Amino acid sequence: MSVNTERFYGRRQGKPLRPGQKARLERLLPRFSVAGNAAPVGPEELFGRPVSDLWLEIGFGGGEHLLAQAEAYPDIGMIGCEPFINGVSKLLGRIEERGIENIRVFCDDVRLLFPRLGEASLGRVFILFADPWPKTRHHKRRIVNRATLDALSRLMKDGAELRIATDHMPYARWILQHVLAHADFEWLAEGPEDWRRRPADWPPTRYERKALQSGGRCVYYRFRRRNR
Ligand SMILES: C[S@@+](CC[C@H](N)C(=O)[O-])C[C@H]1O[C@@H](n2cnc3c(N)ncnc32)[C@H](O)[C@@H]1O
């Protein structure tokens with residue numbers, strides 16, 4: 001697989017981690033991370049037990065949505081992918097506090113994770129408020145693009161759901177154009193209410209709260225991976 005060398009994420013670290021956060025990261029990351037060699041990882045070896053499905057969140061930020069989904073569906077294995085180390089540290093703290101067993105973390109660019117996952121292994125994928133990269137010369141950094149959709153099409157099961165949210169309307173149009181141009185996905189919306197309102201089983205994220213508080217509006221797209 002050829003990997004676009006353009007980076008997608010803004011930064012890997014914000015404020016320097018306090019010594020306690022750094023120690024927590026060093027202690028918990030080996031236990032919860034999808035690490036090791038480049039061989040594909042199966043859900044049973046990741047979670048040490050069978051799981052009823054495998055879901056992936058790309059760019060979980062502070063992890064609010066991932067944690068809420070993991071608590072709502074304890075039988076499902078969740079992989080969260082996030083290169084921003086402060087977010088990973090925060091998530092690991094919550095995982096430990098709440099005794100959550102069904103999250104594993106990939107602390108890097110999701111494109112490095114794709115080859116590690118099995119074909120037709122994912123039942124749901126979330127891309128929530130991905131960086132919109134508004135400048136035209138940066139559009140090639142947008143995570144929703146043909147290459148990502150090709151990878152997800154390979155990794156998602158028949159009928160699996162792809163959920164994408166944004167508050168950036170030009171990116172919302174870009175997302176629709178790209179997903180609808182892909183033969184393997186169909187849009188599940190039947191009317192405007194289906195994408196203007198966040199469904200009840202879709203917990204909010206920190207970025208979304210900030211966008212709504214500052215008067216923005218958000219779209220919540222649900223797509224289905226067509227049957228092979
Ligand atoms: C605007 S933030 C949104 C965070 C969170 N989803 C939310 O709604 O609060 C986008 C996140 O995507 C992450 N990200 C960007 N490119 C990524 C990539 N290639 N793989 C995984 N995560 C990525 C960034 O580090 C950032 O934390």
# chains A, B, ... in the order shown; residues from 1 in each chain; ligands from 1
$ select_by_dssp --residues "stretch 39-191 of chain A" --states "strand (DSSP E or B)" --output "PyMOL selection string"
chain A and resi 54-58+77-81+103-106+122-128+156-166+185-187
$ residues_around --residues "A:Glu101" --least-positions-apart "5" --cutoff "9 Å" --atoms "only C-alpha atoms" --output "ChimeraX atom specification"
/A:32,47,70,74,77,95-96
$ write_last_selection --atoms "all heavy atoms" --output "tab-separated table (two decimals), in the first residue's frame"
chain	number	residue	atom	x	y	z
A	32	PHE	N	-2.48	-1.03	27.09
A	32	PHE	CA	-3.68	-0.76	26.29
A	32	PHE	C	-3.40	-0.46	24.83
A	32	PHE	O	-4.32	-0.19	24.07
A	32	PHE	CB	-4.46	0.41	26.91
A	32	PHE	CG	-5.11	0.04	28.21
A	32	PHE	CD1	-4.55	0.43	29.41
A	32	PHE	CD2	-6.27	-0.72	28.23
A	32	PHE	CE1	-5.14	0.08	30.62
A	32	PHE	CE2	-6.87	-1.09	29.42
A	32	PHE	CZ	-6.31	-0.69	30.62
A	47	PHE	N	-7.83	-8.06	22.87
A	47	PHE	CA	-8.62	-7.88	24.09
A	47	PHE	C	-8.48	-9.04	25.07
A	47	PHE	O	-9.01	-8.99	26.17
A	47	PHE	CB	-10.10	-7.64	23.73
A	47	PHE	CG	-10.29	-6.36	22.96
A	47	PHE	CD1	-10.31	-6.35	21.58
A	47	PHE	CD2	-10.38	-5.15	23.63
A	47	PHE	CE1	-10.44	-5.16	20.87
A	47	PHE	CE2	-10.51	-3.95	22.94
A	47	PHE	CZ	-10.54	-3.96	21.55
A	70	ALA	N	-17.70	2.73	24.74
A	70	ALA	CA	-17.14	1.53	25.39
A	70	ALA	C	-17.99	1.14	26.60
A	70	ALA	O	-18.21	-0.05	26.87
A	70	ALA	CB	-15.70	1.78	25.80
A	74	PRO	N	-20.15	-2.89	26.42
A	74	PRO	CA	-18.96	-3.55	26.99
A	74	PRO	C	-18.53	-4.83	26.27
A	74	PRO	O	-17.39	-5.25	26.42
A	74	PRO	CB	-19.38	-3.85	28.44
A	74	PRO	CG	-20.86	-3.70	28.49
A	74	PRO	CD	-21.28	-2.82	27.37
A	77	GLY	N	-15.33	-4.62	21.20
A	77	GLY	CA	-13.97	-4.12	21.34
A	77	GLY	C	-13.82	-2.82	20.55
A	77	GLY	O	-14.25	-2.74	19.40
A	95	ILE	N	-9.76	5.44	31.42
A	95	ILE	CA	-9.89	3.98	31.29
A	95	ILE	C	-9.55	3.34	32.63
A	95	ILE	O	-10.26	2.45	33.12
A	95	ILE	CB	-8.95	3.45	30.17
A	95	ILE	CG1	-9.47	3.86	28.80
A	95	ILE	CG2	-8.80	1.95	30.25
A	95	ILE	CD1	-8.57	3.43	27.63
A	96	GLU	N	-8.47	3.83	33.23
A	96	GLU	CA	-8.05	3.25	34.52
A	96	GLU	C	-9.06	3.56	35.63
A	96	GLU	O	-9.49	2.67	36.34
A	96	GLU	CB	-6.67	3.78	34.90
A	96	GLU	CG	-6.11	3.06	36.12
A	96	GLU	CD	-4.68	3.51	36.44
A	96	GLU	OE1	-4.43	4.73	36.45
A	96	GLU	OE2	-3.84	2.63	36.68
$ residues_around --residues "A:Pro203" --least-positions-apart "4" --cutoff "12 Å" --atoms "only C-alpha atoms" --output "NGL selection string"
:A and (63-72 or 126 or 128 or 163 or 165 or 197-199 or 207-209 or 220)
$ write_last_selection --atoms "N, CA, C and O atoms" --output "CSV table (one decimal), in the first residue's frame"
chain,number,residue,atom,x,y,z
A,63,GLY,N,-11.3,11.7,23.9
A,63,GLY,CA,-11.8,10.3,24.1
A,63,GLY,C,-13.2,10.3,24.7
A,63,GLY,O,-13.7,9.2,25.0
A,64,GLU,N,-13.9,11.4,24.7
A,64,GLU,CA,-15.3,11.4,25.4
A,64,GLU,C,-16.2,10.4,24.7
A,64,GLU,O,-16.9,9.6,25.3
A,65,HIS,N,-16.2,10.5,23.3
A,65,HIS,CA,-17.2,9.6,22.6
A,65,HIS,C,-16.7,8.1,22.7
A,65,HIS,O,-17.6,7.2,23.0
A,66,LEU,N,-15.4,7.9,22.6
A,66,LEU,CA,-14.9,6.5,22.7
A,66,LEU,C,-15.3,5.9,24.1
A,66,LEU,O,-15.7,4.7,24.1
A,67,LEU,N,-15.1,6.6,25.1
A,67,LEU,CA,-15.4,6.1,26.5
A,67,LEU,C,-16.8,5.8,26.6
A,67,LEU,O,-17.2,4.8,27.2
A,68,ALA,N,-17.7,6.7,26.2
A,68,ALA,CA,-19.1,6.5,26.3
A,68,ALA,C,-19.6,5.3,25.5
A,68,ALA,O,-20.4,4.5,26.0
A,69,GLN,N,-19.0,5.1,24.3
A,69,GLN,CA,-19.4,4.0,23.5
A,69,GLN,C,-18.9,2.7,24.2
A,69,GLN,O,-19.6,1.7,24.3
A,70,ALA,N,-17.7,2.7,24.7
A,70,ALA,CA,-17.1,1.5,25.4
A,70,ALA,C,-18.0,1.1,26.6
A,70,ALA,O,-18.2,0.0,26.9
A,71,GLU,N,-18.5,2.1,27.3
A,71,GLU,CA,-19.3,1.8,28.5
A,71,GLU,C,-20.7,1.4,28.1
A,71,GLU,O,-21.3,0.5,28.8
A,72,ALA,N,-21.2,1.9,27.0
A,72,ALA,CA,-22.5,1.5,26.6
A,72,ALA,C,-22.5,0.1,26.0
A,72,ALA,O,-23.5,-0.6,26.0
A,126,PHE,N,-15.8,5.6,13.3
A,126,PHE,CA,-16.2,7.0,13.6
A,126,PHE,C,-15.1,7.9,13.2
A,126,PHE,O,-13.9,7.7,13.6
A,128,LEU,N,-14.9,11.8,13.8
A,128,LEU,CA,-15.7,12.9,14.4
A,128,LEU,C,-14.9,14.2,14.5
A,128,LEU,O,-13.9,14.3,15.1
A,163,ARG,N,-19.6,6.6,10.5
A,163,ARG,CA,-20.2,7.8,11.0
A,163,ARG,C,-19.2,8.9,10.9
A,163,ARG,O,-18.1,8.8,11.4
A,165,ALA,N,-18.8,13.2,11.4
A,165,ALA,CA,-19.4,14.5,11.8
A,165,ALA,C,-18.4,15.6,11.5
A,165,ALA,O,-17.2,15.4,11.6
A,197,ARG,N,-29.4,16.3,13.1
A,197,ARG,CA,-29.5,15.9,14.5
A,197,ARG,C,-28.6,14.8,14.9
A,197,ARG,O,-28.6,13.8,14.1
A,198,ARG,N,-27.9,14.9,16.0
A,198,ARG,CA,-27.1,13.7,16.4
A,198,ARG,C,-28.0,12.6,17.0
A,198,ARG,O,-28.8,12.9,17.9
A,199,PRO,N,-27.9,11.4,16.5
A,199,PRO,CA,-28.7,10.3,17.0
A,199,PRO,C,-28.4,10.1,18.5
A,199,PRO,O,-27.4,10.4,19.0
A,207,TYR,N,-15.0,18.7,21.1
A,207,TYR,CA,-14.9,19.6,19.9
A,207,TYR,C,-16.3,20.1,19.5
A,207,TYR,O,-16.6,21.2,19.2
A,208,GLU,N,-17.2,19.1,19.5
A,208,GLU,CA,-18.6,19.4,19.1
A,208,GLU,C,-19.3,20.4,20.0
A,208,GLU,O,-19.9,21.4,19.6
A,209,ARG,N,-19.1,20.2,21.4
A,209,ARG,CA,-19.7,21.1,22.4
A,209,ARG,C,-19.1,22.5,22.1
A,209,ARG,O,-19.9,23.5,22.2
A,220,TYR,N,-24.1,15.2,11.0
A,220,TYR,CA,-23.8,13.9,11.5
A,220,TYR,C,-24.2,12.9,10.4
A,220,TYR,O,-25.4,12.6,10.2
$ residues_near_ligand --ligand "ligand 1" --cutoff "10 Å" --atoms "only C-alpha atoms and all ligand atoms" --output "ChimeraX atom specification"
/A:6-13,57-66,80-88,106-113,126-133,141-144,148,164-167,204-211
$ residues_around --residues "A:Val179" --least-positions-apart "4" --cutoff "9 Å" --atoms "only C-alpha atoms" --output "ChimeraX atom specification"
/A:144-146,149,174-175,183-187,223
$ select_by_dssp --residues "stretch 3-187 of chain A" --states "helix (DSSP H, G or I)" --output "PyMOL selection string"
chain A and resi 19-32+43-47+64-72+85-98+110-116+136-141+146-155+169-180
$ write_last_selection --atoms "C-alpha atoms" --output "PDB file, in the first residue's frame"
ATOM      1  CA  PRO A  19       5.353  14.233  35.443  1.00  0.00           C
ATOM      2  CA  GLY A  20       2.256  12.366  36.728  1.00  0.00           C
ATOM      3  CA  GLN A  21       0.675  12.296  33.257  1.00  0.00           C
ATOM      4  CA  LYS A  22       3.941  11.125  31.725  1.00  0.00           C
ATOM      5  CA  ALA A  23       4.268   8.345  34.300  1.00  0.00           C
ATOM      6  CA  ARG A  24       0.646   7.315  33.644  1.00  0.00           C
ATOM      7  CA  LEU A  25       1.273   7.173  29.915  1.00  0.00           C
ATOM      8  CA  GLU A  26       4.403   5.065  30.384  1.00  0.00           C
ATOM      9  CA  ARG A  27       2.606   2.727  32.778  1.00  0.00           C
ATOM     10  CA  LEU A  28      -0.659   2.266  30.892  1.00  0.00           C
ATOM     11  CA  LEU A  29       0.232   2.586  27.215  1.00  0.00           C
ATOM     12  CA  PRO A  30       1.996  -0.792  26.954  1.00  0.00           C
ATOM     13  CA  ARG A  31      -1.079  -2.461  28.458  1.00  0.00           C
ATOM     14  CA  PHE A  32      -3.682  -0.762  26.292  1.00  0.00           C
ATOM     15  CA  PRO A  43      -9.648  -8.907  18.203  1.00  0.00           C
ATOM     16  CA  GLU A  44      -9.104 -11.896  20.506  1.00  0.00           C
ATOM     17  CA  GLU A  45      -5.405 -11.260  20.943  1.00  0.00           C
ATOM     18  CA  LEU A  46      -6.025  -7.538  21.358  1.00  0.00           C
ATOM     19  CA  PHE A  47      -8.620  -7.875  24.090  1.00  0.00           C
ATOM     20  CA  GLU A  64     -15.287  11.377  25.366  1.00  0.00           C
ATOM     21  CA  HIS A  65     -17.156   9.584  22.589  1.00  0.00           C
ATOM     22  CA  LEU A  66     -14.934   6.493  22.708  1.00  0.00           C
ATOM     23  CA  LEU A  67     -15.354   6.127  26.476  1.00  0.00           C
ATOM     24  CA  ALA A  68     -19.114   6.549  26.311  1.00  0.00           C
ATOM     25  CA  GLN A  69     -19.427   3.957  23.533  1.00  0.00           C
ATOM     26  CA  ALA A  70     -17.145   1.528  25.388  1.00  0.00           C
ATOM     27  CA  GLU A  71     -19.291   1.831  28.518  1.00  0.00           C
ATOM     28  CA  ALA A  72     -22.541   1.517  26.561  1.00  0.00           C
ATOM     29  CA  ILE A  85      -0.303  12.427  23.083  1.00  0.00           C
ATOM     30  CA  ASN A  86      -2.163  14.670  25.573  1.00  0.00           C
ATOM     31  CA  GLY A  87      -5.484  13.169  24.413  1.00  0.00           C
ATOM     32  CA  VAL A  88      -4.107   9.643  24.745  1.00  0.00           C
ATOM     33  CA  SER A  89      -2.895  10.384  28.280  1.00  0.00           C
ATOM     34  CA  LYS A  90      -6.316  11.752  29.226  1.00  0.00           C
ATOM     35  CA  LEU A  91      -8.115   8.740  27.792  1.00  0.00           C
ATOM     36  CA  LEU A  92      -5.826   6.280  29.578  1.00  0.00           C
ATOM     37  CA  GLY A  93      -6.526   8.031  32.886  1.00  0.00           C
ATOM     38  CA  ARG A  94     -10.286   7.625  32.382  1.00  0.00           C
ATOM     39  CA  ILE A  95      -9.887   3.984  31.289  1.00  0.00           C
ATOM     40  CA  GLU A  96      -8.046   3.250  34.518  1.00  0.00           C
ATOM     41  CA  GLU A  97     -10.424   5.242  36.765  1.00  0.00           C
ATOM     42  CA  ARG A  98     -13.511   3.569  35.326  1.00  0.00           C
ATOM     43  CA  VAL A 110      -4.449   5.829  11.391  1.00  0.00           C
ATOM     44  CA  ARG A 111      -2.886   5.056   8.016  1.00  0.00           C
ATOM     45  CA  LEU A 112      -0.263   3.025   9.875  1.00  0.00           C
ATOM     46  CA  LEU A 113      -2.998   1.060  11.617  1.00  0.00           C
ATOM     47  CA  PHE A 114      -4.956   0.091   8.489  1.00  0.00           C
ATOM     48  CA  PRO A 115      -2.552  -2.673   7.340  1.00  0.00           C
ATOM     49  CA  ARG A 116      -2.684  -4.172  10.848  1.00  0.00           C
ATOM     50  CA  THR A 136      -7.064  24.749  -0.587  1.00  0.00           C
ATOM     51  CA  ARG A 137      -3.382  23.868  -0.587  1.00  0.00           C
ATOM     52  CA  HIS A 138      -3.991  21.747   2.545  1.00  0.00           C
ATOM     53  CA  HIS A 139      -7.025  19.828   1.236  1.00  0.00           C
ATOM     54  CA  LYS A 140      -4.742  16.882   0.489  1.00  0.00           C
ATOM     55  CA  ARG A 141      -4.343  16.512   4.263  1.00  0.00           C
ATOM     56  CA  ARG A 146     -10.366   8.329  -1.652  1.00  0.00           C
ATOM     57  CA  ALA A 147      -7.428   6.415  -0.110  1.00  0.00           C
ATOM     58  CA  THR A 148      -9.002   6.368   3.373  1.00  0.00           C
ATOM     59  CA  LEU A 149     -12.347   5.278   1.938  1.00  0.00           C
ATOM     60  CA  ASP A 150     -10.660   2.489  -0.043  1.00  0.00           C
ATOM     61  CA  ALA A 151      -8.949   1.286   3.139  1.00  0.00           C
ATOM     62  CA  LEU A 152     -12.202   1.448   5.129  1.00  0.00           C
ATOM     63  CA  SER A 153     -14.077  -0.331   2.384  1.00  0.00           C
ATOM     64  CA  ARG A 154     -11.605  -3.214   2.709  1.00  0.00           C
ATOM     65  CA  LEU A 155     -11.694  -3.245   6.511  1.00  0.00           C
ATOM     66  CA  MET A 169     -19.702  23.224   6.016  1.00  0.00           C
ATOM     67  CA  PRO A 170     -17.213  23.191   3.111  1.00  0.00           C
ATOM     68  CA  TYR A 171     -15.766  19.994   4.625  1.00  0.00           C
ATOM     69  CA  ALA A 172     -19.305  18.616   5.055  1.00  0.00           C
ATOM     70  CA  ARG A 173     -19.818  19.020   1.292  1.00  0.00           C
ATOM     71  CA  TRP A 174     -16.385  17.504   0.571  1.00  0.00           C
ATOM     72  CA  ILE A 175     -17.229  14.488   2.779  1.00  0.00           C
ATOM     73  CA  LEU A 176     -20.536  13.882   1.023  1.00  0.00           C
ATOM     74  CA  GLN A 177     -18.977  14.235  -2.419  1.00  0.00           C
ATOM     75  CA  HIS A 178     -16.184  11.794  -1.607  1.00  0.00           C
ATOM     76  CA  VAL A 179     -18.266   9.159   0.144  1.00  0.00           C
ATOM     77  CA  LEU A 180     -21.091   9.261  -2.390  1.00  0.00           C
TER      78      LEU A 180
END
$ atom_distance --atom1 "atom CA of A:Leu117" --atom2 "atom CA of A:Val51"
14.9 Å
$ atom_distance --atom1 "atom CA of A:Lys157" --atom2 "atom CA of A:Arg224"
9.6 Å
$ residues_around --residues "A:Val125" --least-positions-apart "2" --cutoff "6 Å" --atoms "only C-alpha atoms" --output "list in words"
Trp55, Leu56, Glu57 and Leu162 of chain A
$ residues_around --residues "A:Gly118" --least-positions-apart "6" --cutoff "8 Å" --atoms "only C-alpha atoms" --output "ChimeraX atom specification"
/A:40-42,155
$ write_last_selection --atoms "C-alpha atoms" --output "CSV table (one decimal), in the first residue's frame"
chain,number,residue,atom,x,y,z
A,40,PRO,CA,-2.1,-8.1,11.6
A,41,VAL,CA,-3.9,-8.1,15.0
A,42,GLY,CA,-7.1,-10.1,15.7
A,155,LEU,CA,-11.7,-3.2,6.5
$ closest_residue --among "A:Arg226, A:Arg49, A:Lys15, A:Arg217" --to "A:His182" --atoms "only C-alpha atoms"
A:Arg226
